[in-house]
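Just start-v7.pdb here, PDB, N, CA and C atoms and all ligand atoms:
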```pdb
ATOM      1  N   MET A 160     -31.658 -14.516 -39.122  1.00  0.00           N
ATOM      2  CA  MET A 160     -32.615 -13.671 -39.804  1.00  0.00           C
ATOM      3  C   MET A 160     -33.609 -14.544 -40.552  1.00  0.00           C
ATOM      4  N   LYS A 161     -34.863 -14.058 -40.577  1.00  0.00           N
ATOM      5  CA  LYS A 161     -35.877 -14.849 -41.280  1.00  0.00           C
ATOM      6  C   LYS A 161     -36.140 -14.223 -42.649  1.00  0.00           C
ATOM      7  N   ILE A 162     -36.138 -15.069 -43.660  1.00  0.00           N
ATOM      8  CA  ILE A 162     -36.363 -14.621 -45.030  1.00  0.00           C
ATOM      9  C   ILE A 162     -37.698 -15.169 -45.526  1.00  0.00           C
ATOM     10  N   LYS A 163     -38.415 -14.297 -46.214  1.00  0.00           N
ATOM     11  CA  LYS A 163     -39.675 -14.707 -46.832  1.00  0.00           C
ATOM     12  C   LYS A 163     -39.518 -14.617 -48.339  1.00  0.00           C
ATOM     13  N   ILE A 164     -39.988 -15.630 -49.048  1.00  0.00           N
ATOM     14  CA  ILE A 164     -39.982 -15.539 -50.507  1.00  0.00           C
ATOM     15  C   ILE A 164     -41.413 -15.420 -51.005  1.00  0.00           C
ATOM     16  N   ILE A 165     -41.582 -14.590 -52.035  1.00  0.00           N
ATOM     17  CA  ILE A 165     -42.901 -14.365 -52.631  1.00  0.00           C
ATOM     18  C   ILE A 165     -42.795 -14.785 -54.102  1.00  0.00           C
ATOM     19  N   PRO A 166     -43.060 -16.064 -54.372  1.00  0.00           N
ATOM     20  CA  PRO A 166     -42.810 -16.608 -55.716  1.00  0.00           C
ATOM     21  C   PRO A 166     -43.560 -15.859 -56.811  1.00  0.00           C
ATOM     22  N   GLU A 167     -44.761 -15.329 -56.511  1.00  0.00           N
ATOM     23  CA  GLU A 167     -45.543 -14.614 -57.538  1.00  0.00           C
ATOM     24  C   GLU A 167     -44.799 -13.396 -58.060  1.00  0.00           C
ATOM     25  N   LYS A 168     -43.904 -12.842 -57.234  1.00  0.00           N
ATOM     26  CA  LYS A 168     -43.178 -11.638 -57.654  1.00  0.00           C
ATOM     27  C   LYS A 168     -41.877 -11.955 -58.387  1.00  0.00           C
ATOM     28  N   CYS A 169     -41.414 -13.174 -58.269  1.00  0.00           N
ATOM     29  CA  CYS A 169     -40.110 -13.543 -58.836  1.00  0.00           C
ATOM     30  C   CYS A 169     -40.158 -13.516 -60.363  1.00  0.00           C
ATOM     31  N   ILE A 170     -39.121 -12.901 -60.961  1.00  0.00           N
ATOM     32  CA  ILE A 170     -39.040 -12.845 -62.423  1.00  0.00           C
ATOM     33  C   ILE A 170     -37.958 -13.798 -62.946  1.00  0.00           C
ATOM     34  N   ALA A 171     -37.510 -14.688 -62.080  1.00  0.00           N
ATOM     35  CA  ALA A 171     -36.558 -15.745 -62.470  1.00  0.00           C
ATOM     36  C   ALA A 171     -35.266 -15.189 -63.079  1.00  0.00           C
ATOM     37  N   CYS A 172     -34.711 -14.143 -62.447  1.00  0.00           N
ATOM     38  CA  CYS A 172     -33.497 -13.526 -62.996  1.00  0.00           C
ATOM     39  C   CYS A 172     -32.221 -14.255 -62.580  1.00  0.00           C
ATOM     40  N   GLY A 173     -32.278 -15.013 -61.500  1.00  0.00           N
ATOM     41  CA  GLY A 173     -31.123 -15.798 -61.080  1.00  0.00           C
ATOM     42  C   GLY A 173     -30.144 -15.106 -60.146  1.00  0.00           C
ATOM     43  N   LEU A 174     -30.370 -13.824 -59.863  1.00  0.00           N
ATOM     44  CA  LEU A 174     -29.422 -13.066 -59.041  1.00  0.00           C
ATOM     45  C   LEU A 174     -29.248 -13.612 -57.630  1.00  0.00           C
ATOM     46  N   CYS A 175     -30.337 -13.965 -56.987  1.00  0.00           N
ATOM     47  CA  CYS A 175     -30.236 -14.395 -55.586  1.00  0.00           C
ATOM     48  C   CYS A 175     -29.408 -15.666 -55.461  1.00  0.00           C
ATOM     49  N   HIS A 176     -29.516 -16.539 -56.449  1.00  0.00           N
ATOM     50  CA  HIS A 176     -28.732 -17.771 -56.403  1.00  0.00           C
ATOM     51  C   HIS A 176     -27.239 -17.476 -56.572  1.00  0.00           C
ATOM     52  N   LEU A 177     -26.922 -16.474 -57.373  1.00  0.00           N
ATOM     53  CA  LEU A 177     -25.521 -16.084 -57.539  1.00  0.00           C
ATOM     54  C   LEU A 177     -24.954 -15.545 -56.227  1.00  0.00           C
ATOM     55  N   GLU A 178     -25.777 -14.826 -55.485  1.00  0.00           N
ATOM     56  CA  GLU A 178     -25.329 -14.216 -54.228  1.00  0.00           C
ATOM     57  C   GLU A 178     -25.257 -15.226 -53.091  1.00  0.00           C
ATOM     58  N   ALA A 179     -26.252 -16.082 -53.005  1.00  0.00           N
ATOM     59  CA  ALA A 179     -26.344 -17.017 -51.872  1.00  0.00           C
ATOM     60  C   ALA A 179     -26.837 -18.373 -52.366  1.00  0.00           C
ATOM     61  N   ALA A 180     -25.943 -19.100 -53.006  1.00  0.00           N
ATOM     62  CA  ALA A 180     -26.301 -20.374 -53.636  1.00  0.00           C
ATOM     63  C   ALA A 180     -26.700 -21.447 -52.619  1.00  0.00           C
ATOM     64  N   ASP A 181     -26.259 -21.275 -51.374  1.00  0.00           N
ATOM     65  CA  ASP A 181     -26.594 -22.268 -50.355  1.00  0.00           C
ATOM     66  C   ASP A 181     -27.984 -22.041 -49.773  1.00  0.00           C
ATOM     67  N   VAL A 182     -28.605 -20.919 -50.099  1.00  0.00           N
ATOM     68  CA  VAL A 182     -29.929 -20.593 -49.556  1.00  0.00           C
ATOM     69  C   VAL A 182     -31.014 -20.669 -50.619  1.00  0.00           C
ATOM     70  N   PHE A 183     -30.725 -20.114 -51.803  1.00  0.00           N
ATOM     71  CA  PHE A 183     -31.757 -20.015 -52.833  1.00  0.00           C
ATOM     72  C   PHE A 183     -31.527 -21.005 -53.965  1.00  0.00           C
ATOM     73  N   ASP A 184     -32.631 -21.621 -54.353  1.00  0.00           N
ATOM     74  CA  ASP A 184     -32.627 -22.575 -55.448  1.00  0.00           C
ATOM     75  C   ASP A 184     -33.808 -22.207 -56.348  1.00  0.00           C
ATOM     76  N   TYR A 185     -34.026 -22.980 -57.396  1.00  0.00           N
ATOM     77  CA  TYR A 185     -35.125 -22.664 -58.301  1.00  0.00           C
ATOM     78  C   TYR A 185     -35.986 -23.877 -58.584  1.00  0.00           C
ATOM     79  N   SER A 186     -37.272 -23.611 -58.799  1.00  0.00           N
ATOM     80  CA  SER A 186     -38.172 -24.656 -59.262  1.00  0.00           C
ATOM     81  C   SER A 186     -37.859 -24.926 -60.732  1.00  0.00           C
ATOM     82  N   ASP A 187     -38.526 -25.923 -61.304  1.00  0.00           N
ATOM     83  CA  ASP A 187     -38.283 -26.267 -62.714  1.00  0.00           C
ATOM     84  C   ASP A 187     -38.563 -25.095 -63.646  1.00  0.00           C
ATOM     85  N   ASP A 188     -39.486 -24.213 -63.244  1.00  0.00           N
ATOM     86  CA  ASP A 188     -39.821 -23.060 -64.090  1.00  0.00           C
ATOM     87  C   ASP A 188     -38.926 -21.852 -63.814  1.00  0.00           C
ATOM     88  N   GLY A 189     -37.905 -22.017 -62.961  1.00  0.00           N
ATOM     89  CA  GLY A 189     -36.960 -20.934 -62.714  1.00  0.00           C
ATOM     90  C   GLY A 189     -37.349 -19.994 -61.593  1.00  0.00           C
ATOM     91  N   ILE A 190     -38.480 -20.244 -60.972  1.00  0.00           N
ATOM     92  CA  ILE A 190     -38.950 -19.381 -59.888  1.00  0.00           C
ATOM     93  C   ILE A 190     -38.259 -19.770 -58.583  1.00  0.00           C
ATOM     94  N   VAL A 191     -37.934 -18.751 -57.797  1.00  0.00           N
ATOM     95  CA  VAL A 191     -37.141 -18.968 -56.585  1.00  0.00           C
ATOM     96  C   VAL A 191     -37.834 -19.879 -55.566  1.00  0.00           C
ATOM     97  N   LYS A 192     -37.026 -20.669 -54.882  1.00  0.00           N
ATOM     98  CA  LYS A 192     -37.456 -21.455 -53.723  1.00  0.00           C
ATOM     99  C   LYS A 192     -36.244 -21.599 -52.816  1.00  0.00           C
ATOM    100  N   PHE A 193     -36.474 -22.000 -51.587  1.00  0.00           N
ATOM    101  CA  PHE A 193     -35.332 -22.263 -50.716  1.00  0.00           C
ATOM    102  C   PHE A 193     -34.697 -23.596 -51.112  1.00  0.00           C
ATOM    103  N   TYR A 194     -33.405 -23.655 -50.932  1.00  0.00           N
ATOM    104  CA  TYR A 194     -32.669 -24.881 -51.219  1.00  0.00           C
ATOM    105  C   TYR A 194     -33.193 -26.009 -50.337  1.00  0.00           C
ATOM    106  N   ASN A 195     -33.566 -27.117 -50.943  1.00  0.00           N
ATOM    107  CA  ASN A 195     -34.032 -28.293 -50.191  1.00  0.00           C
ATOM    108  C   ASN A 195     -35.268 -28.056 -49.346  1.00  0.00           C
ATOM    109  N   SER A 196     -36.134 -27.124 -49.735  1.00  0.00           N
ATOM    110  CA  SER A 196     -37.320 -26.838 -48.928  1.00  0.00           C
ATOM    111  C   SER A 196     -38.397 -26.188 -49.788  1.00  0.00           C
ATOM    112  N   ASN A 197     -39.659 -26.469 -49.449  1.00  0.00           N
ATOM    113  CA  ASN A 197     -40.757 -25.801 -50.139  1.00  0.00           C
ATOM    114  C   ASN A 197     -41.427 -24.774 -49.243  1.00  0.00           C
ATOM    115  N   GLN A 198     -40.812 -24.477 -48.095  1.00  0.00           N
ATOM    116  CA  GLN A 198     -41.349 -23.445 -47.202  1.00  0.00           C
ATOM    117  C   GLN A 198     -41.218 -22.076 -47.871  1.00  0.00           C
ATOM    118  N   LEU A 199     -42.067 -21.147 -47.453  1.00  0.00           N
ATOM    119  CA  LEU A 199     -41.981 -19.778 -47.978  1.00  0.00           C
ATOM    120  C   LEU A 199     -41.273 -18.849 -46.998  1.00  0.00           C
ATOM    121  N   GLU A 200     -41.103 -19.296 -45.764  1.00  0.00           N
ATOM    122  CA  GLU A 200     -40.354 -18.516 -44.771  1.00  0.00           C
ATOM    123  C   GLU A 200     -39.384 -19.439 -44.061  1.00  0.00           C
ATOM    124  N   LYS A 201     -38.166 -18.958 -43.859  1.00  0.00           N
ATOM    125  CA  LYS A 201     -37.164 -19.796 -43.209  1.00  0.00           C
ATOM    126  C   LYS A 201     -36.108 -18.913 -42.552  1.00  0.00           C
ATOM    127  N   SER A 202     -35.550 -19.373 -41.439  1.00  0.00           N
ATOM    128  CA  SER A 202     -34.505 -18.607 -40.750  1.00  0.00           C
ATOM    129  C   SER A 202     -33.120 -19.107 -41.137  1.00  0.00           C
ATOM    130  N   PHE A 203     -32.210 -18.150 -41.271  1.00  0.00           N
ATOM    131  CA  PHE A 203     -30.833 -18.468 -41.648  1.00  0.00           C
ATOM    132  C   PHE A 203     -29.887 -17.600 -40.834  1.00  0.00           C
ATOM    133  N   PRO A 204     -28.643 -18.030 -40.652  1.00  0.00           N
ATOM    134  CA  PRO A 204     -27.645 -17.143 -40.044  1.00  0.00           C
ATOM    135  C   PRO A 204     -27.490 -15.898 -40.909  1.00  0.00           C
ATOM    136  N   GLU A 205     -27.332 -14.757 -40.255  1.00  0.00           N
ATOM    137  CA  GLU A 205     -27.237 -13.498 -40.996  1.00  0.00           C
ATOM    138  C   GLU A 205     -25.858 -13.365 -41.633  1.00  0.00           C
ATOM    139  N   THR A 206     -25.807 -13.324 -42.941  1.00  0.00           N
ATOM    140  CA  THR A 206     -24.527 -13.164 -43.636  1.00  0.00           C
ATOM    141  C   THR A 206     -24.652 -12.016 -44.635  1.00  0.00           C
ATOM    142  N   SER A 207     -23.528 -11.438 -44.993  1.00  0.00           N
ATOM    143  CA  SER A 207     -23.560 -10.315 -45.928  1.00  0.00           C
ATOM    144  C   SER A 207     -24.061 -10.767 -47.297  1.00  0.00           C
ATOM    145  N   SER A 208     -23.744 -12.009 -47.689  1.00  0.00           N
ATOM    146  CA  SER A 208     -24.200 -12.473 -49.001  1.00  0.00           C
ATOM    147  C   SER A 208     -25.713 -12.660 -49.023  1.00  0.00           C
ATOM    148  N   LEU A 209     -26.277 -13.078 -47.901  1.00  0.00           N
ATOM    149  CA  LEU A 209     -27.725 -13.268 -47.842  1.00  0.00           C
ATOM    150  C   LEU A 209     -28.446 -11.912 -47.864  1.00  0.00           C
ATOM    151  N   ILE A 210     -27.926 -10.968 -47.102  1.00  0.00           N
ATOM    152  CA  ILE A 210     -28.511  -9.617 -47.106  1.00  0.00           C
ATOM    153  C   ILE A 210     -28.392  -9.016 -48.510  1.00  0.00           C
ATOM    154  N   SER A 211     -27.252  -9.209 -49.123  1.00  0.00           N
ATOM    155  CA  SER A 211     -27.034  -8.696 -50.466  1.00  0.00           C
ATOM    156  C   SER A 211     -28.025  -9.319 -51.455  1.00  0.00           C
ATOM    157  N   ALA A 212     -28.269 -10.602 -51.345  1.00  0.00           N
ATOM    158  CA  ALA A 212     -29.210 -11.274 -52.241  1.00  0.00           C
ATOM    159  C   ALA A 212     -30.602 -10.673 -52.114  1.00  0.00           C
ATOM    160  N   VAL A 213     -31.025 -10.431 -50.878  1.00  0.00           N
ATOM    161  CA  VAL A 213     -32.359  -9.860 -50.652  1.00  0.00           C
ATOM    162  C   VAL A 213     -32.419  -8.445 -51.232  1.00  0.00           C
ATOM    163  N   LYS A 214     -31.379  -7.662 -50.976  1.00  0.00           N
ATOM    164  CA  LYS A 214     -31.385  -6.269 -51.437  1.00  0.00           C
ATOM    165  C   LYS A 214     -31.322  -6.163 -52.952  1.00  0.00           C
ATOM    166  N   LYS A 215     -30.648  -7.096 -53.594  1.00  0.00           N
ATOM    167  CA  LYS A 215     -30.475  -7.006 -55.044  1.00  0.00           C
ATOM    168  C   LYS A 215     -31.654  -7.551 -55.839  1.00  0.00           C
ATOM    169  N   CYS A 216     -32.548  -8.256 -55.197  1.00  0.00           N
ATOM    170  CA  CYS A 216     -33.694  -8.813 -55.935  1.00  0.00           C
ATOM    171  C   CYS A 216     -34.457  -7.660 -56.594  1.00  0.00           C
ATOM    172  N   PRO A 217     -34.554  -7.673 -57.921  1.00  0.00           N
ATOM    173  CA  PRO A 217     -35.147  -6.535 -58.629  1.00  0.00           C
ATOM    174  C   PRO A 217     -36.661  -6.434 -58.489  1.00  0.00           C
ATOM    175  N   SER A 218     -37.302  -7.490 -58.029  1.00  0.00           N
ATOM    176  CA  SER A 218     -38.768  -7.465 -57.990  1.00  0.00           C
ATOM    177  C   SER A 218     -39.321  -7.584 -56.577  1.00  0.00           C
ATOM    178  N   SER A 219     -38.447  -7.423 -55.586  1.00  0.00           N
ATOM    179  CA  SER A 219     -38.854  -7.522 -54.168  1.00  0.00           C
ATOM    180  C   SER A 219     -39.543  -8.843 -53.853  1.00  0.00           C
ATOM    181  N   ALA A 220     -39.088  -9.901 -54.482  1.00  0.00           N
ATOM    182  CA  ALA A 220     -39.653 -11.226 -54.203  1.00  0.00           C
ATOM    183  C   ALA A 220     -39.054 -11.835 -52.939  1.00  0.00           C
ATOM    184  N   LEU A 221     -37.987 -11.196 -52.432  1.00  0.00           N
ATOM    185  CA  LEU A 221     -37.342 -11.654 -51.188  1.00  0.00           C
ATOM    186  C   LEU A 221     -37.487 -10.570 -50.143  1.00  0.00           C
ATOM    187  N   GLN A 222     -37.858 -10.949 -48.936  1.00  0.00           N
ATOM    188  CA  GLN A 222     -38.020  -9.975 -47.866  1.00  0.00           C
ATOM    189  C   GLN A 222     -37.412 -10.504 -46.580  1.00  0.00           C
ATOM    190  N   ILE A 223     -36.838  -9.588 -45.809  1.00  0.00           N
ATOM    191  CA  ILE A 223     -36.370  -9.933 -44.476  1.00  0.00           C
ATOM    192  C   ILE A 223     -37.528  -9.707 -43.520  1.00  0.00           C
ATOM    193  N   VAL A 224     -37.912 -10.754 -42.810  1.00  0.00           N
ATOM    194  CA  VAL A 224     -39.035 -10.676 -41.882  1.00  0.00           C
ATOM    195  C   VAL A 224     -38.490 -10.383 -40.497  1.00  0.00           C
ATOM    196  N   ASP A 225     -39.147  -9.482 -39.805  1.00  0.00           N
ATOM    197  CA  ASP A 225     -38.745  -9.158 -38.443  1.00  0.00           C
ATOM    198  C   ASP A 225     -38.834 -10.424 -37.584  1.00  0.00           C
ATOM    199  N   ASP A 226     -37.729 -10.833 -37.025  1.00  0.00           N
ATOM    200  CA  ASP A 226     -37.680 -12.100 -36.293  1.00  0.00           C
ATOM    201  C   ASP A 226     -36.921 -11.890 -34.988  1.00  0.00           C
ATOM    202  N   LYS A 227     -37.604 -11.269 -34.029  1.00  0.00           N
ATOM    203  CA  LYS A 227     -36.933 -10.879 -32.776  1.00  0.00           C
ATOM    204  C   LYS A 227     -36.406 -12.078 -32.002  1.00  0.00           C
ATOM    205  N   ASN A 228     -37.127 -13.181 -32.041  1.00  0.00           N
ATOM    206  CA  ASN A 228     -36.708 -14.357 -31.275  1.00  0.00           C
ATOM    207  C   ASN A 228     -35.348 -14.883 -31.734  1.00  0.00           C
ATOM    208  N   PHE A 229     -35.102 -14.716 -33.032  1.00  0.00           N
ATOM    209  CA  PHE A 229     -33.862 -15.250 -33.586  1.00  0.00           C
ATOM    210  C   PHE A 229     -32.644 -14.566 -32.957  1.00  0.00           C
ATOM    211  N   ASN A 230     -32.746 -13.244 -32.724  1.00  0.00           N
ATOM    212  CA  ASN A 230     -31.618 -12.491 -32.179  1.00  0.00           C
ATOM    213  C   ASN A 230     -31.398 -12.738 -30.692  1.00  0.00           C
ATOM    214  N   SER A 231     -32.435 -13.154 -29.986  1.00  0.00           N
ATOM    215  CA  SER A 231     -32.305 -13.301 -28.541  1.00  0.00           C
ATOM    216  C   SER A 231     -31.837 -14.697 -28.142  1.00  0.00           C
ATOM    217  N   ARG A 232     -31.693 -15.593 -29.113  1.00  0.00           N
ATOM    218  CA  ARG A 232     -31.248 -16.941 -28.799  1.00  0.00           C
ATOM    219  C   ARG A 232     -29.814 -16.988 -28.334  1.00  0.00           C
TER     220      ARG A 232
HETATM  221  S1  LIG B   1     -33.318 -12.202 -57.324  1.00  0.00           S
HETATM  222 FE1  LIG B   1     -35.542 -12.017 -56.993  1.00  0.00          FE
HETATM  223  S2  LIG B   1     -36.439 -12.032 -59.040  1.00  0.00           S
HETATM  224 FE2  LIG B   1     -34.359 -12.793 -59.222  1.00  0.00          FE
HETATM  225  S3  LIG B   1     -34.547 -15.038 -59.103  1.00  0.00           S
HETATM  226 FE3  LIG B   1     -34.136 -14.269 -57.020  1.00  0.00          FE
HETATM  227  S4  LIG B   1     -36.167 -13.970 -56.103  1.00  0.00           S
HETATM  228 FE4  LIG B   1     -36.451 -14.143 -58.310  1.00  0.00          FE
END
```

Reformat the file's structure so that it appears as structure tokens.
Ligand code: SF4
Amino acid sequence: MKIKIIPEKCIACGLCHLEAADVFDYSDDGIVKFYNSNQLEKSFPETSSLISAVKKCPSSALQIVDDKNFNSR
């Protein structure tokens, strides 16, 4: 699944990191970023913790992007 982060919407609540610490990290100002990456979109294996992190984000700063190619691999 491909995840998109929208840093302008992030309120630095820390929830996504609690749900999926291997995917989400924070910049020095507490705003979300991908772990070990400055990309804004990245593909990851679909896991319940990752879906939960996206769904629980209170400000919709995380989105699941339609990524048909990923499923057909
Ligand atoms: S859950 Fe959403 S608002 Fe909270 S830190 Fe993560 S991206 Fe930012």

Box in all listed atoms of ligand LIG 1 (chain B), axis-aligned, with 5 Å more on each side; write out centre and edge lengths in Å to one decimal as JSON.
```
{"center_x": -34.9, "center_y": -13.5, "center_z": -57.7, "size_x": 13.1, "size_y": 13.0, "size_z": 13.1}
```

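Using only C-alpha atoms and all ligand atoms, we find that the residues with an atom at most 7 Å from any atom of ligand LIG 1 (chain B) are Ile164, Lys168, Cys169, Ile170, Ala171, Cys172, Gly173, Leu174, Cys175, His176, Ile190, Val191, Ala212, Lys215, Cys216, Pro217, Ser218, Ser219, Ala220 and Leu221 of chain A.
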
*Just say which residues the PyMOL selection byres (((chain A and resi 198-209 and name CA) around 6) and not hetatm and name CA) picks in this file, as a PyMOL selection string.*
chain A and resi 160-164+178-179+196-197+210-212

*When DSSP works through the backbone of this structure, what residues of chain A end up as helix (DSSP H, G or I), shown as a PyMOL selection string?*
chain A and resi 166-168+174-178+207-215+227-231

Those residues you just picked out, can you put them in a file as a tab-separated table (two decimals), in the coordinates of the input with N, CA and C atoms?
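Result written to out-v3.tsv:
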```tsv
chain	number	residue	atom	x	y	z
A	166	PRO	N	-43.06	-16.06	-54.37
A	166	PRO	CA	-42.81	-16.61	-55.72
A	166	PRO	C	-43.56	-15.86	-56.81
A	167	GLU	N	-44.76	-15.33	-56.51
A	167	GLU	CA	-45.54	-14.61	-57.54
A	167	GLU	C	-44.80	-13.40	-58.06
A	168	LYS	N	-43.90	-12.84	-57.23
A	168	LYS	CA	-43.18	-11.64	-57.65
A	168	LYS	C	-41.88	-11.96	-58.39
A	174	LEU	N	-30.37	-13.82	-59.86
A	174	LEU	CA	-29.42	-13.07	-59.04
A	174	LEU	C	-29.25	-13.61	-57.63
A	175	CYS	N	-30.34	-13.96	-56.99
A	175	CYS	CA	-30.24	-14.40	-55.59
A	175	CYS	C	-29.41	-15.67	-55.46
A	176	HIS	N	-29.52	-16.54	-56.45
A	176	HIS	CA	-28.73	-17.77	-56.40
A	176	HIS	C	-27.24	-17.48	-56.57
A	177	LEU	N	-26.92	-16.47	-57.37
A	177	LEU	CA	-25.52	-16.08	-57.54
A	177	LEU	C	-24.95	-15.54	-56.23
A	178	GLU	N	-25.78	-14.83	-55.48
A	178	GLU	CA	-25.33	-14.22	-54.23
A	178	GLU	C	-25.26	-15.23	-53.09
A	207	SER	N	-23.53	-11.44	-44.99
A	207	SER	CA	-23.56	-10.32	-45.93
A	207	SER	C	-24.06	-10.77	-47.30
A	208	SER	N	-23.74	-12.01	-47.69
A	208	SER	CA	-24.20	-12.47	-49.00
A	208	SER	C	-25.71	-12.66	-49.02
A	209	LEU	N	-26.28	-13.08	-47.90
A	209	LEU	CA	-27.72	-13.27	-47.84
A	209	LEU	C	-28.45	-11.91	-47.86
A	210	ILE	N	-27.93	-10.97	-47.10
A	210	ILE	CA	-28.51	-9.62	-47.11
A	210	ILE	C	-28.39	-9.02	-48.51
A	211	SER	N	-27.25	-9.21	-49.12
A	211	SER	CA	-27.03	-8.70	-50.47
A	211	SER	C	-28.02	-9.32	-51.46
A	212	ALA	N	-28.27	-10.60	-51.34
A	212	ALA	CA	-29.21	-11.27	-52.24
A	212	ALA	C	-30.60	-10.67	-52.11
A	213	VAL	N	-31.02	-10.43	-50.88
A	213	VAL	CA	-32.36	-9.86	-50.65
A	213	VAL	C	-32.42	-8.44	-51.23
A	214	LYS	N	-31.38	-7.66	-50.98
A	214	LYS	CA	-31.38	-6.27	-51.44
A	214	LYS	C	-31.32	-6.16	-52.95
A	215	LYS	N	-30.65	-7.10	-53.59
A	215	LYS	CA	-30.48	-7.01	-55.04
A	215	LYS	C	-31.65	-7.55	-55.84
A	227	LYS	N	-37.60	-11.27	-34.03
A	227	LYS	CA	-36.93	-10.88	-32.78
A	227	LYS	C	-36.41	-12.08	-32.00
A	228	ASN	N	-37.13	-13.18	-32.04
A	228	ASN	CA	-36.71	-14.36	-31.28
A	228	ASN	C	-35.35	-14.88	-31.73
A	229	PHE	N	-35.10	-14.72	-33.03
A	229	PHE	CA	-33.86	-15.25	-33.59
A	229	PHE	C	-32.64	-14.57	-32.96
A	230	ASN	N	-32.75	-13.24	-32.72
A	230	ASN	CA	-31.62	-12.49	-32.18
A	230	ASN	C	-31.40	-12.74	-30.69
A	231	SER	N	-32.44	-13.15	-29.99
A	231	SER	CA	-32.30	-13.30	-28.54
A	231	SER	C	-31.84	-14.70	-28.14
```

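Note that the spacing between atom CA of A:Asn195 and atom CA of A:Pro166 amounts to 15.6 Å.
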